[in-house]
There are 2 protein chains.
Amino acid sequence: MAFRAFHLVNSTRLAQFTRQSSRQLARTASTSQCSPSFPCVDAHAARESRLKATSRTSSSTSSVHHSGSGPEPAYARPNPTSYNIYHHSKPLPLTYSSTPLLTFDIAYETWGTLSPKRDNVILLHTGLSASSHAAATSANPTDGWWQKFIGPGKALDTNNFFIICTNVLGGCYGSTGPSSINSETGRPYATTFPILSIFDMVRAQFCLLDHLGIEKLNASVGCSMGAMQSLAAGWLNPDRVGKIVSISGTARSSPSSVAMRYAQRSVLMADPNWRNGFYYDSLPPHTGMKLARQIATITYRSGPEWDQRFGRQVRPRPESEDPSSQRIPALCPDFLIETYLDHQGEQFCLKYDANSLIYISKAMDLFDMTLPALESLGLNPPPFSSSSLHTVPNQTSSHSKSHPPPLNPPPHLSDLARGLSPLAHIPTLVLGVQSDILFTVEQQREVADALRMAGNEGVSYYELGGVWGHDTFLIDVLNVGGAIRGFLS
Amino acid sequence: MAFRAFHLVNSTRLAQFTRQSSRQLARTASTSQCSPSFPCVDAHAARESRLKATSRTSSSTSSVHHSGSGPEPAYARPNPTSYNIYHHSKPLPLTYSSTPLLTFDIAYETWGTLSPKRDNVILLHTGLSASSHAAATSANPTDGWWQKFIGPGKALDTNNFFIICTNVLGGCYGSTGPSSINSETGRPYATTFPILSIFDMVRAQFCLLDHLGIEKLNASVGCSMGAMQSLAAGWLNPDRVGKIVSISGTARSSPSSVAMRYAQRSVLMADPNWRNGFYYDSLPPHTGMKLARQIATITYRSGPEWDQRFGRQVRPRPESEDPSSQRIPALCPDFLIETYLDHQGEQFCLKYDANSLIYISKAMDLFDMTLPALESLGLNPPPFSSSSLHTVPNQTSSHSKSHPPPLNPPPHLSDLARGLSPLAHIPTLVLGVQSDILFTVEQQREVADALRMAGNEGVSYYELGGVWGHDTFLIDVLNVGGAIRGFLS
C-alpha cells in the first residue's frame, strides 16, 4: 500500500474547520470537487475512435476482409501463407442442427516428420481461443502458444512424432466459424452459424486426418477445452486413437464453469456493438471483449498466485504526478491486480472474434460425456458388458493410487463411466492442478475415476501443486511436459 | 440435459443430402437460417424502454427524487417513516480526502430495549448492499436481511440486547452517499463524492452512538464487509467495544477479492448509462448493474452448491414451444445455473445505486489492517509492547485448536498482528466457511492467527463446512446463529 496519510492532516484541518464558517467550508469543499476523470472508461471511447479511424482509412484505400466496410481486427486478416488450409467440400452433420455445415475449412500446422507408415501422428487440440500456431514453423517463425512443449527432445518430441494442430471449427484463425463468409449469402455467418458441439469440432478434425491419409493417431493430446476434444476423439473413433492425454479438462462441464463462461458471454452480448452478432460491417464489440477477458483471466490463475505476485501493491505513480502530493485511490485500476486484469483485457479485445468466443464457450458448456447426455444427442457408444464397470479400479498400471474411485460412486459418476466405456482400452493420461478454479481437481479425479470404473487399466493420473491454476499447462514445462513425455514414450 | 438428439436424424439426412445437388442443399440450409433472436439481450432494451416511460410519466405527473427528470429506482424513493435518520451537522474527517464530509445522514433501525445503563447495545454492521432493515420493525413489518437471526431467543436476542443497524455511509438507503444531494450544489454528489474507507463508515456510526448517548457497545457484530467494520470499530475505539464478532470477513482484502470486485466495477462503469457517475438526471446503468450482480452472485455461493442445486439441468421449455420439436441450445441462458444468475442480476439491477456499489466496493478493496498500511494512512495504533506478540497463541480460551498460527509466520501476518494490537483485549469470535471463495477460509485463519499473535487470549475460531459459500451467514441459522449466541452469552 502506498496511499498517503490523510488522517493526520485531517486532524489538524478539522480543528481549523471548526473555526471556519460553513460558508467558508462550502467554498473549500467546492474547490476540491474538480470534475472527476476515469481513464479506464475513456479508454473504451478512445479505442472506438481509433477503430473508426482505421475503418475509414481501410475502406477508402484497400479492400477489407468482409464484404462490409468495418475495421480489421487482427483475426480478420487471415494469412494462409503461414498455415495450411484443408477445404472440406462435403456436408458435415452437426450435433445440434438439423442441417449440416455444407462445407468448411480447417486451418492447420504441423511439426516433425510423418513416418512412412503414417503411424507417428499426434493430434494436438487447443484451448478456447488458440490458433493452430502451437509452435514456430518455417512459414511462421514467431513463437506459438505451446512453444516450449514442441520440438526435438521436448514433451511433444518432433524427433519421434509428427504433430498436427488445427484451429478449431468455429474459430477465427483460418477455420470456418461465425466470422467466415457463408457462401450462400456472401455475408459472414454471424449468429446464423449453427450451435457447435465439441464432437462436431473433432469430426471436422478427422475429416482432415482422412484427407492426410492418417488412419490412426499415436495420441490425441489436449489441454483445457483441448482435453475435452482429446477425450471426444477417442470416443468417436476408439480404433483410431492410440493414447489420450487430457490436461486440466473435464468430461462433463460443471455448473460453476458454465457460470464463469456465462458471465463472459453476458457482458459481451450486452455490448451495443455486438448487434446480435451482426457486427462485421461495423465496429466489433471491443469493450465487451475486454470485460469478458478480464473475467476469464480471473479464472485462469489463482488467489495464491496473485498473493505472491501482486499482493496489495499499487501501480507506480505517473511521472506527471508530484511524488510528494497526497495519493488518492482511484475508482479506475490502482492495485496491480487491477492493472493486470485491465492489461490482459486490453491486449485480447481485438485479437479474437467475439462470436467465435460465444460459440466455442457455449460448446464447452454443452460438453457432457455421461451416457444419458450422449444418448439424448443420439451419440450411442458401442455395446459393452456391464461387468466391465469396475467400482474398484485395477491400479497396477496407474501412476497414482492416491485417489481411487469411491466404493459407492454418485449416480453421475456411474453415468460418466458408462459414457466413457468406448475409451476402456485407450491408455489415458489425466493431469490436473490443485489450484485450478475453472477445471477443478475434483473434475480431474472424476475423469480418472470414471475411466477406471469403465474398465480402463491404463489410466495415469497426475495431480500437480503450484499456484498457476488453470494456466499451469502453459507454464509448467517441467511437470506438465515431463508427465506427457513419460506417458508418450 | 434435455437437448434432443440430432445425430441420429443427421445420419439419415446425410445420406439424403449426398443425393441432393449442392443447389438443393443451399436452399435447405438457407431456410433454416431464420433471424436469430436473443431475449437476454432484448431484456436490456426492454428495461431501458420501461424506465424511459416511467421517467416521462413521473416527470410529468409528480415530483421526482432528485432535481433532474430521471426515473425513480427503488432506492431513490427513501421512506424515512420506516427508519430513523440521524443528521450529523459537523464535519467528518475522511481517510482519503483532504476535505471532510461537511454533514451527513445515517439511517438506522433498532430492535429490543435499551437498558437503563445503556450497556446492552449491539452494533450490527451490514454487507455491501444491505439497508438498515435487518429485521421487521413496527414501522416496517417486512422481513429484513437477517430476519432469522434477530428477535427474542435468537442469535441476537432482543430479550437481552438492544440492536442497532445502520445503512452504511456511502450507501443509498437513507444514509449519505453518492446519490445524496450535495447541499453546496443542490445536485447529487455522483462521483464528486469522496473515496471512503471502512474506517470512515465506522466513525460515522460512532457519531450516531454519541448522539444516542451510548458510551460502550456490548458487541460489534458483522458479516462480510460488516466483519471488516466490526474489527475497525474495535480498532478505532478499543475502550468502547466489549466484544467483536467477525463472520466471513477479512482484516486485509486479498488480491483475488479485489479482482472479483474490480470485474464488477468495470462492467458497471463501461455501461454508457453510467456517464462517469452523473446519471441521476437520466437513466441509471441498469444493464451494467445486472452484469455486475451476475458476477457477484458467482462469488456468493460455491461450485458444490450449484452441483447439488442445479447440476446440468436446463430450463423448462416455454409452453409456446412444441414439446416434441427438436430443442436447440440457446446462446442466451439455457442451463438453470444461467437462468439463476440472470434472475439474480435482474432482481438487483434497479434496487441499488450504481455509484454506491462502486464506492463501497472500493472501500472494501482498500481495507488493510496491517501496521504499515494503517501507518501510511496516519492511523497509528496505541503503543504496545512487542513482547505481547505471541507466535504461539494461548489457546486455553480458544474454542478451536485446529489451526494454531504458524511458528514462522509470513511477514504480512506479523504486520497484521501488529496492526491488530489494539484488539488484544477484546474477546473476538472469528467465523469462516470452508466453501467461501470470496473471503476464503485462509483469510479467516489469518484474522484469528493475527489476533492470537497480538496477544488476544479470547479468540473463538469456528470454521463451518457446508456448500453455501459466502452466503452461509445469511442461511445457516443453526451454526452461524448458534456460534454467535454462544459467544455473546
# chains A, B, ... in the order shown; residues from 1 in each chain; ligands from 1
$ residues_around --residues "region 237-252 of chain B" --least-positions-apart "4" --cutoff "7 Å" --atoms "only C-alpha atoms" --output "short mmCIF file (atom, residue, chain, number, x, y, z; two decimals) with all heavy atoms, in the first residue's frame"
data_model
loop_
_atom_site.label_atom_id
_atom_site.label_comp_id
_atom_site.auth_asym_id
_atom_site.auth_seq_id
_atom_site.Cartn_x
_atom_site.Cartn_y
_atom_site.Cartn_z
N GLU B 215 -22.09 4.91 25.37
CA GLU B 215 -20.65 5.04 25.59
C GLU B 215 -19.93 3.79 25.12
O GLU B 215 -18.89 3.87 24.46
CB GLU B 215 -20.39 5.28 27.08
CG GLU B 215 -18.91 5.39 27.45
CD GLU B 215 -18.13 6.39 26.59
OE1 GLU B 215 -18.72 7.41 26.16
OE2 GLU B 215 -16.95 6.13 26.33
N LYS B 216 -20.46 2.62 25.48
CA LYS B 216 -19.75 1.38 25.16
C LYS B 216 -20.69 0.33 24.59
O LYS B 216 -21.78 0.11 25.13
CB LYS B 216 -19.06 0.84 26.42
CG LYS B 216 -18.26 -0.43 26.15
CD LYS B 216 -17.28 -0.78 27.24
CE LYS B 216 -16.51 -2.04 26.86
NZ LYS B 216 -15.45 -2.37 27.81
N LEU B 217 -20.25 -0.32 23.51
CA LEU B 217 -21.02 -1.40 22.90
C LEU B 217 -20.79 -2.69 23.68
O LEU B 217 -19.66 -3.00 24.07
CB LEU B 217 -20.57 -1.63 21.46
CG LEU B 217 -20.82 -0.52 20.45
CD1 LEU B 217 -20.14 -0.90 19.12
CD2 LEU B 217 -22.31 -0.30 20.25
N ASN B 218 -21.86 -3.43 23.88
CA ASN B 218 -21.67 -4.79 24.36
C ASN B 218 -20.91 -5.58 23.30
O ASN B 218 -19.98 -6.31 23.62
CB ASN B 218 -23.03 -5.43 24.66
CG ASN B 218 -22.88 -6.80 25.26
OD1 ASN B 218 -22.52 -7.73 24.55
ND2 ASN B 218 -23.13 -6.93 26.57
N ALA B 219 -21.31 -5.39 22.05
CA ALA B 219 -20.63 -6.11 20.97
C ALA B 219 -20.77 -5.38 19.64
O ALA B 219 -21.77 -4.71 19.38
CB ALA B 219 -21.18 -7.53 20.84
N SER B 220 -19.75 -5.54 18.82
CA SER B 220 -19.73 -5.06 17.45
C SER B 220 -19.80 -6.32 16.58
O SER B 220 -18.91 -7.17 16.65
CB SER B 220 -18.43 -4.30 17.22
OG SER B 220 -18.21 -4.01 15.86
N VAL B 221 -20.86 -6.43 15.79
CA VAL B 221 -21.13 -7.69 15.08
C VAL B 221 -21.26 -7.42 13.58
O VAL B 221 -21.98 -6.49 13.19
CB VAL B 221 -22.44 -8.34 15.59
CG1 VAL B 221 -22.80 -9.57 14.76
CG2 VAL B 221 -22.33 -8.69 17.07
N GLY B 222 -20.58 -8.20 12.77
CA GLY B 222 -20.74 -8.01 11.33
C GLY B 222 -20.33 -9.21 10.52
O GLY B 222 -19.51 -10.03 10.94
N CYS B 223 -20.92 -9.29 9.34
CA CYS B 223 -20.62 -10.36 8.39
C CYS B 223 -20.15 -9.72 7.09
O CYS B 223 -20.62 -8.65 6.72
CB CYS B 223 -21.87 -11.19 8.08
SG CYS B 223 -22.76 -11.72 9.54
N SER B 224 -19.24 -10.39 6.36
CA SER B 224 -18.75 -9.90 5.07
C SER B 224 -18.12 -8.52 5.28
O SER B 224 -17.29 -8.37 6.19
CB SER B 224 -19.91 -9.87 4.07
OG SER B 224 -19.43 -9.66 2.77
N MET B 225 -18.53 -7.51 4.52
CA MET B 225 -17.96 -6.18 4.78
C MET B 225 -18.23 -5.74 6.22
O MET B 225 -17.43 -5.03 6.83
CB MET B 225 -18.54 -5.15 3.82
CG MET B 225 -17.93 -3.76 4.03
SD MET B 225 -18.59 -2.51 2.93
CE MET B 225 -20.15 -2.14 3.76
N ALA B 227 -17.99 -7.48 8.78
CA ALA B 227 -16.94 -8.02 9.64
C ALA B 227 -15.72 -7.09 9.62
O ALA B 227 -15.05 -6.92 10.63
CB ALA B 227 -16.56 -9.43 9.19
N MET B 228 -15.46 -6.50 8.45
CA MET B 228 -14.38 -5.50 8.39
C MET B 228 -14.70 -4.35 9.34
O MET B 228 -13.86 -3.89 10.11
CB MET B 228 -14.26 -4.95 6.97
CG MET B 228 -13.87 -5.95 5.90
SD MET B 228 -13.88 -5.11 4.28
CE MET B 228 -13.22 -6.39 3.21
N SER B 230 -16.67 -4.38 11.84
CA SER B 230 -16.69 -4.85 13.23
C SER B 230 -15.29 -4.80 13.82
O SER B 230 -15.09 -4.36 14.97
CB SER B 230 -17.25 -6.28 13.26
OG SER B 230 -17.55 -6.67 14.56
N LEU B 231 -14.29 -5.23 13.05
CA LEU B 231 -12.90 -5.16 13.51
C LEU B 231 -12.45 -3.69 13.60
O LEU B 231 -11.80 -3.29 14.58
CB LEU B 231 -11.98 -5.91 12.53
CG LEU B 231 -12.15 -7.44 12.48
CD1 LEU B 231 -11.42 -8.01 11.27
CD2 LEU B 231 -11.63 -8.09 13.76
N ALA B 233 -14.21 -1.09 14.17
CA ALA B 233 -14.85 -0.43 15.32
C ALA B 233 -14.02 -0.65 16.58
O ALA B 233 -13.77 0.28 17.35
CB ALA B 233 -16.27 -0.96 15.51
N PHE B 367 -9.32 -1.94 2.31
CA PHE B 367 -9.22 -2.30 3.73
C PHE B 367 -8.00 -3.17 4.00
O PHE B 367 -7.82 -4.23 3.40
CB PHE B 367 -10.50 -3.04 4.16
CG PHE B 367 -10.60 -3.22 5.64
CD1 PHE B 367 -10.61 -2.13 6.51
CD2 PHE B 367 -10.70 -4.49 6.21
CE1 PHE B 367 -10.72 -2.30 7.88
CE2 PHE B 367 -10.81 -4.67 7.57
CZ PHE B 367 -10.82 -3.58 8.41
N ASP B 368 -7.17 -2.71 4.92
CA ASP B 368 -5.91 -3.40 5.21
C ASP B 368 -5.46 -2.97 6.60
O ASP B 368 -5.07 -1.82 6.82
CB ASP B 368 -4.86 -3.01 4.16
CG ASP B 368 -3.55 -3.76 4.33
OD1 ASP B 368 -3.38 -4.46 5.35
OD2 ASP B 368 -2.68 -3.63 3.44
N MET B 369 -5.54 -3.88 7.55
CA MET B 369 -5.19 -3.56 8.94
C MET B 369 -3.77 -3.95 9.31
O MET B 369 -3.42 -3.97 10.49
CB MET B 369 -6.20 -4.22 9.89
CG MET B 369 -7.62 -3.69 9.67
SD MET B 369 -8.79 -4.31 10.90
CE MET B 369 -8.46 -3.17 12.27
N PRO B 422 -4.44 -3.16 18.96
CA PRO B 422 -5.45 -2.53 19.81
C PRO B 422 -6.60 -3.48 20.18
O PRO B 422 -7.35 -3.21 21.12
CB PRO B 422 -5.96 -1.36 18.95
CG PRO B 422 -4.85 -1.06 18.01
CD PRO B 422 -4.23 -2.40 17.71
N LEU B 423 -6.74 -4.57 19.44
CA LEU B 423 -7.82 -5.51 19.72
C LEU B 423 -7.38 -6.62 20.68
O LEU B 423 -8.14 -7.57 20.91
CB LEU B 423 -8.31 -6.17 18.41
CG LEU B 423 -8.70 -5.23 17.26
CD1 LEU B 423 -9.24 -6.05 16.08
CD2 LEU B 423 -9.73 -4.21 17.69
N ILE B 426 -9.91 -7.48 23.40
CA ILE B 426 -11.34 -7.59 23.09
C ILE B 426 -11.65 -9.01 22.67
O ILE B 426 -11.16 -9.48 21.64
CB ILE B 426 -11.74 -6.61 21.96
CG1 ILE B 426 -11.30 -5.17 22.29
CG2 ILE B 426 -13.23 -6.69 21.71
CD1 ILE B 426 -11.60 -4.17 21.18
N PRO B 427 -12.46 -9.72 23.46
CA PRO B 427 -12.84 -11.08 23.04
C PRO B 427 -13.45 -11.06 21.64
O PRO B 427 -14.31 -10.21 21.36
CB PRO B 427 -13.87 -11.50 24.09
CG PRO B 427 -13.56 -10.65 25.28
CD PRO B 427 -13.07 -9.34 24.73
N THR B 428 -13.01 -11.94 20.78
CA THR B 428 -13.41 -11.88 19.36
C THR B 428 -13.79 -13.27 18.85
O THR B 428 -13.05 -14.23 19.04
CB THR B 428 -12.26 -11.32 18.50
OG1 THR B 428 -11.90 -10.02 19.00
CG2 THR B 428 -12.67 -11.21 17.04
N LEU B 429 -14.95 -13.31 18.22
CA LEU B 429 -15.37 -14.52 17.51
C LEU B 429 -15.03 -14.36 16.04
O LEU B 429 -15.47 -13.39 15.40
CB LEU B 429 -16.88 -14.73 17.67
CG LEU B 429 -17.52 -15.78 16.75
CD1 LEU B 429 -17.00 -17.19 17.06
CD2 LEU B 429 -19.05 -15.75 16.87
N VAL B 430 -14.23 -15.27 15.52
CA VAL B 430 -13.92 -15.28 14.09
C VAL B 430 -14.54 -16.54 13.50
O VAL B 430 -14.23 -17.65 13.95
CB VAL B 430 -12.39 -15.28 13.84
CG1 VAL B 430 -12.10 -15.31 12.34
CG2 VAL B 430 -11.73 -14.07 14.49
N LEU B 431 -15.42 -16.35 12.56
CA LEU B 431 -16.12 -17.50 11.98
C LEU B 431 -15.96 -17.47 10.46
O LEU B 431 -16.19 -16.43 9.84
CB LEU B 431 -17.60 -17.46 12.38
CG LEU B 431 -18.43 -18.69 12.03
CD1 LEU B 431 -19.55 -18.90 13.05
CD2 LEU B 431 -19.05 -18.59 10.64
N GLY B 432 -15.55 -18.58 9.90
CA GLY B 432 -15.37 -18.67 8.46
C GLY B 432 -16.01 -19.91 7.89
O GLY B 432 -16.43 -20.81 8.63
N VAL B 433 -16.09 -19.95 6.58
CA VAL B 433 -16.77 -21.05 5.89
C VAL B 433 -15.83 -21.63 4.83
O VAL B 433 -15.29 -20.89 4.01
CB VAL B 433 -18.08 -20.56 5.24
CG1 VAL B 433 -18.77 -21.69 4.50
CG2 VAL B 433 -18.99 -19.95 6.29
N PHE B 439 -14.28 -14.59 0.61
CA PHE B 439 -13.48 -14.39 1.82
C PHE B 439 -13.08 -15.79 2.28
O PHE B 439 -13.76 -16.41 3.08
CB PHE B 439 -14.30 -13.67 2.90
CG PHE B 439 -14.62 -12.25 2.58
CD1 PHE B 439 -15.66 -11.93 1.73
CD2 PHE B 439 -13.86 -11.23 3.11
CE1 PHE B 439 -15.95 -10.61 1.42
CE2 PHE B 439 -14.14 -9.90 2.81
CZ PHE B 439 -15.19 -9.60 1.95
N GLN B 443 -8.28 -16.67 4.89
CA GLN B 443 -8.34 -15.31 5.44
C GLN B 443 -8.93 -15.29 6.84
O GLN B 443 -8.58 -14.45 7.66
CB GLN B 443 -9.13 -14.40 4.51
CG GLN B 443 -8.38 -14.11 3.23
CD GLN B 443 -9.12 -13.12 2.37
OE1 GLN B 443 -10.14 -13.45 1.78
NE2 GLN B 443 -8.62 -11.91 2.32
N GLN B 444 -9.86 -16.22 7.11
CA GLN B 444 -10.43 -16.29 8.47
C GLN B 444 -9.35 -16.74 9.44
O GLN B 444 -9.23 -16.22 10.55
CB GLN B 444 -11.61 -17.28 8.51
CG GLN B 444 -12.62 -17.12 7.38
CD GLN B 444 -13.12 -15.70 7.27
OE1 GLN B 444 -13.45 -15.07 8.27
NE2 GLN B 444 -13.17 -15.19 6.04
N VAL B 447 -7.05 -13.88 10.27
CA VAL B 447 -7.55 -12.96 11.30
C VAL B 447 -7.38 -13.57 12.69
O VAL B 447 -6.87 -12.92 13.61
CB VAL B 447 -9.04 -12.61 11.05
CG1 VAL B 447 -9.60 -11.78 12.20
CG2 VAL B 447 -9.22 -11.88 9.73
N HIS B 470 -19.98 -17.99 0.63
CA HIS B 470 -20.00 -16.72 1.37
C HIS B 470 -21.39 -16.44 1.97
O HIS B 470 -21.50 -15.83 3.02
CB HIS B 470 -19.59 -15.59 0.41
CG HIS B 470 -19.40 -14.29 1.10
ND1 HIS B 470 -18.47 -14.10 2.11
CD2 HIS B 470 -20.04 -13.09 0.96
CE1 HIS B 470 -18.53 -12.86 2.54
NE2 HIS B 470 -19.47 -12.22 1.86
#
$ residues_around --residues "Asn79 (chain A)" --least-positions-apart "3" --cutoff "10 Å" --atoms "only C-alpha atoms" --output "ChimeraX atom specification"
/A:75-76,82-84,140,173-174
$ residues_around --residues "region 258-260 of chain B" --least-positions-apart "2" --cutoff "10 Å" --atoms "only C-alpha atoms" --output "VMD selection string"
(chain A and resid 294 to 295 297 to 298 303 306 312 335 to 341) or (chain B and resid 253 to 256 262 to 265 292 295 to 296 298 to 299 361 to 362 364 to 366 438)
$ residues_around --residues "Glu346 (chain B)" --least-positions-apart "3" --cutoff "10 Å" --atoms "only C-alpha atoms" --output "short mmCIF file (atom, residue, chain, number, x, y, z; two decimals) with N, CA, C and O atoms, in the first residue's frame"
data_model
loop_
_atom_site.label_atom_id
_atom_site.label_comp_id
_atom_site.auth_asym_id
_atom_site.auth_seq_id
_atom_site.Cartn_x
_atom_site.Cartn_y
_atom_site.Cartn_z
N ALA B 43 -33.81 -8.02 -23.33
CA ALA B 43 -34.28 -7.64 -21.99
C ALA B 43 -33.68 -6.31 -21.55
O ALA B 43 -34.33 -5.52 -20.86
N HIS B 44 -32.43 -6.06 -21.95
CA HIS B 44 -31.80 -4.79 -21.58
C HIS B 44 -32.54 -3.61 -22.24
O HIS B 44 -32.81 -2.60 -21.60
N ARG B 47 -35.96 -3.11 -20.69
CA ARG B 47 -35.86 -2.44 -19.38
C ARG B 47 -35.62 -0.95 -19.58
O ARG B 47 -36.21 -0.11 -18.91
N HIS B 286 -28.54 0.37 -15.62
CA HIS B 286 -29.21 -0.86 -15.16
C HIS B 286 -28.61 -2.12 -15.77
O HIS B 286 -28.53 -3.15 -15.11
N THR B 287 -28.15 -2.02 -17.02
CA THR B 287 -27.54 -3.20 -17.64
C THR B 287 -26.22 -3.53 -16.95
O THR B 287 -25.95 -4.69 -16.61
N MET B 289 -25.42 -2.81 -13.97
CA MET B 289 -25.72 -3.32 -12.63
C MET B 289 -26.12 -4.80 -12.69
O MET B 289 -25.73 -5.60 -11.84
N LYS B 290 -26.88 -5.16 -13.70
CA LYS B 290 -27.28 -6.56 -13.83
C LYS B 290 -26.06 -7.44 -14.06
O LYS B 290 -25.89 -8.49 -13.43
N LEU B 291 -25.19 -7.00 -14.96
CA LEU B 291 -24.00 -7.79 -15.27
C LEU B 291 -23.08 -7.88 -14.05
O LEU B 291 -22.50 -8.94 -13.76
N ARG B 293 -23.99 -7.72 -10.93
CA ARG B 293 -24.59 -8.60 -9.93
C ARG B 293 -24.44 -10.07 -10.31
O ARG B 293 -24.34 -10.93 -9.45
N GLN B 294 -24.48 -10.35 -11.60
CA GLN B 294 -24.26 -11.73 -12.04
C GLN B 294 -22.87 -12.22 -11.59
O GLN B 294 -22.72 -13.34 -11.09
N TYR B 340 -30.48 -18.75 -13.22
CA TYR B 340 -30.34 -18.29 -11.83
C TYR B 340 -29.54 -16.99 -11.79
O TYR B 340 -29.96 -16.00 -11.16
N LEU B 341 -28.40 -16.97 -12.46
CA LEU B 341 -27.58 -15.75 -12.46
C LEU B 341 -28.33 -14.60 -13.13
O LEU B 341 -28.32 -13.47 -12.65
N ASP B 342 -28.98 -14.91 -14.23
CA ASP B 342 -29.77 -13.90 -14.94
C ASP B 342 -30.84 -13.31 -14.02
O ASP B 342 -31.01 -12.09 -13.93
N HIS B 343 -31.52 -14.17 -13.31
CA HIS B 343 -32.59 -13.73 -12.41
C HIS B 343 -32.04 -12.87 -11.27
O HIS B 343 -32.61 -11.82 -10.95
N CYS B 349 -30.85 -5.13 -10.28
CA CYS B 349 -30.25 -4.03 -11.06
C CYS B 349 -30.89 -2.67 -10.84
O CYS B 349 -30.28 -1.66 -11.16
N LEU B 350 -32.12 -2.62 -10.30
CA LEU B 350 -32.74 -1.33 -10.02
C LEU B 350 -32.95 -1.11 -8.53
O LEU B 350 -33.62 -0.17 -8.12
N LYS B 351 -32.39 -2.00 -7.73
CA LYS B 351 -32.62 -1.90 -6.29
C LYS B 351 -31.51 -1.14 -5.57
O LYS B 351 -31.63 -0.87 -4.38
#
$ residues_around --residues "Cys40 (chain B)" --least-positions-apart "6" --cutoff "10 Å" --atoms "only C-alpha atoms" --output "ChimeraX atom specification"
/A:266,269-270 /B:331-333,339,342
$ write_last_selection --atoms "N, CA and C atoms" --output "mmCIF file, in the first residue's frame"
data_model
loop_
_atom_site.group_PDB
_atom_site.id
_atom_site.type_symbol
_atom_site.label_atom_id
_atom_site.label_comp_id
_atom_site.auth_asym_id
_atom_site.auth_seq_id
_atom_site.Cartn_x
_atom_site.Cartn_y
_atom_site.Cartn_z
ATOM 1 N N SER A 266 -22.344 -12.868 -21.294
ATOM 2 C CA SER A 266 -23.316 -11.821 -20.970
ATOM 3 C C SER A 266 -22.763 -10.426 -21.211
ATOM 4 N N MET A 269 -22.340 -9.919 -25.032
ATOM 5 C CA MET A 269 -23.577 -9.749 -25.789
ATOM 6 C C MET A 269 -24.304 -8.454 -25.412
ATOM 7 N N ALA A 270 -23.986 -7.903 -24.231
ATOM 8 C CA ALA A 270 -24.618 -6.638 -23.823
ATOM 9 C C ALA A 270 -23.929 -5.425 -24.439
ATOM 10 N N LEU B 331 -27.863 -19.366 -27.131
ATOM 11 C CA LEU B 331 -26.713 -18.604 -26.647
ATOM 12 C C LEU B 331 -27.112 -17.789 -25.421
ATOM 13 N N CYS B 332 -28.400 -17.518 -25.275
ATOM 14 C CA CYS B 332 -28.913 -16.898 -24.052
ATOM 15 C C CYS B 332 -29.091 -18.005 -23.004
ATOM 16 N N PRO B 333 -29.407 -17.635 -21.740
ATOM 17 C CA PRO B 333 -29.479 -18.648 -20.672
ATOM 18 C C PRO B 333 -30.317 -19.868 -21.023
ATOM 19 N N THR B 339 -29.919 -19.278 -15.835
ATOM 20 C CA THR B 339 -31.156 -18.544 -15.551
ATOM 21 C C THR B 339 -31.146 -18.021 -14.113
ATOM 22 N N ASP B 342 -28.985 -14.905 -14.235
ATOM 23 C CA ASP B 342 -29.766 -13.895 -14.943
ATOM 24 C C ASP B 342 -30.838 -13.309 -14.017
#
$ select_by_dssp --residues "region 62-199 of chain B" --states "helix (DSSP H, G or I)" --output "ChimeraX atom specification"
/B:74-76,147-149,190-192,198-199
$ residues_around --residues "region 187-195 of chain B" --least-positions-apart "3" --cutoff "9 Å" --atoms "only C-alpha atoms" --output "VMD selection string"
(chain A and resid 32 to 36 328 to 331) or (chain B and resid 66 to 68 94 to 97 99 to 101 170 177 to 184 276 to 280 355 359 to 360 362 to 363)
$ residues_around --residues "Gly144 (chain B)" --least-positions-apart "3" --cutoff "6 Å" --atoms "only C-alpha atoms" --output "mmCIF file with all heavy atoms, in the first residue's frame"
data_model
loop_
_atom_site.group_PDB
_atom_site.id
_atom_site.type_symbol
_atom_site.label_atom_id
_atom_site.label_comp_id
_atom_site.auth_asym_id
_atom_site.auth_seq_id
_atom_site.Cartn_x
_atom_site.Cartn_y
_atom_site.Cartn_z
ATOM 1 N N HIS B 133 -32.437 -2.265 7.387
ATOM 2 C CA HIS B 133 -33.581 -3.118 7.717
ATOM 3 C C HIS B 133 -33.148 -4.576 7.858
ATOM 4 O O HIS B 133 -33.400 -5.410 6.985
ATOM 5 C CB HIS B 133 -34.664 -2.956 6.658
ATOM 6 C CG HIS B 133 -35.989 -3.510 7.102
ATOM 7 N ND1 HIS B 133 -36.657 -3.051 8.215
ATOM 8 C CD2 HIS B 133 -36.757 -4.512 6.610
ATOM 9 C CE1 HIS B 133 -37.773 -3.723 8.382
ATOM 10 N NE2 HIS B 133 -37.868 -4.629 7.419
ATOM 11 N N ALA B 134 -32.534 -4.863 8.989
ATOM 12 C CA ALA B 134 -32.037 -6.214 9.246
ATOM 13 C C ALA B 134 -33.152 -7.157 9.647
ATOM 14 O O ALA B 134 -33.053 -8.370 9.454
ATOM 15 C CB ALA B 134 -30.954 -6.176 10.314
ATOM 16 N N ALA B 135 -34.214 -6.604 10.253
ATOM 17 C CA ALA B 135 -35.354 -7.431 10.662
ATOM 18 C C ALA B 135 -36.595 -6.546 10.690
ATOM 19 O O ALA B 135 -36.497 -5.310 10.620
ATOM 20 C CB ALA B 135 -35.089 -8.061 12.027
ATOM 21 N N ALA B 136 -37.752 -7.177 10.765
ATOM 22 C CA ALA B 136 -39.010 -6.444 10.800
ATOM 23 C C ALA B 136 -39.062 -5.508 12.005
ATOM 24 O O ALA B 136 -38.507 -5.818 13.071
ATOM 25 C CB ALA B 136 -40.173 -7.428 10.832
ATOM 26 N N GLN B 147 -33.387 -11.534 9.166
ATOM 27 C CA GLN B 147 -34.618 -11.754 9.926
ATOM 28 C C GLN B 147 -34.507 -12.904 10.926
ATOM 29 O O GLN B 147 -34.947 -12.795 12.065
ATOM 30 C CB GLN B 147 -35.767 -12.030 8.938
ATOM 31 C CG GLN B 147 -37.142 -12.146 9.585
ATOM 32 C CD GLN B 147 -37.642 -10.811 10.125
ATOM 33 O OE1 GLN B 147 -37.317 -9.747 9.589
ATOM 34 N NE2 GLN B 147 -38.412 -10.863 11.211
#
$ closest_residue --among "B:Pro272, B:Gly482, B:Gly469, B:Pro409" --to "Glu305 (chain B)" --atoms "only C-alpha atoms"
B:Gly469
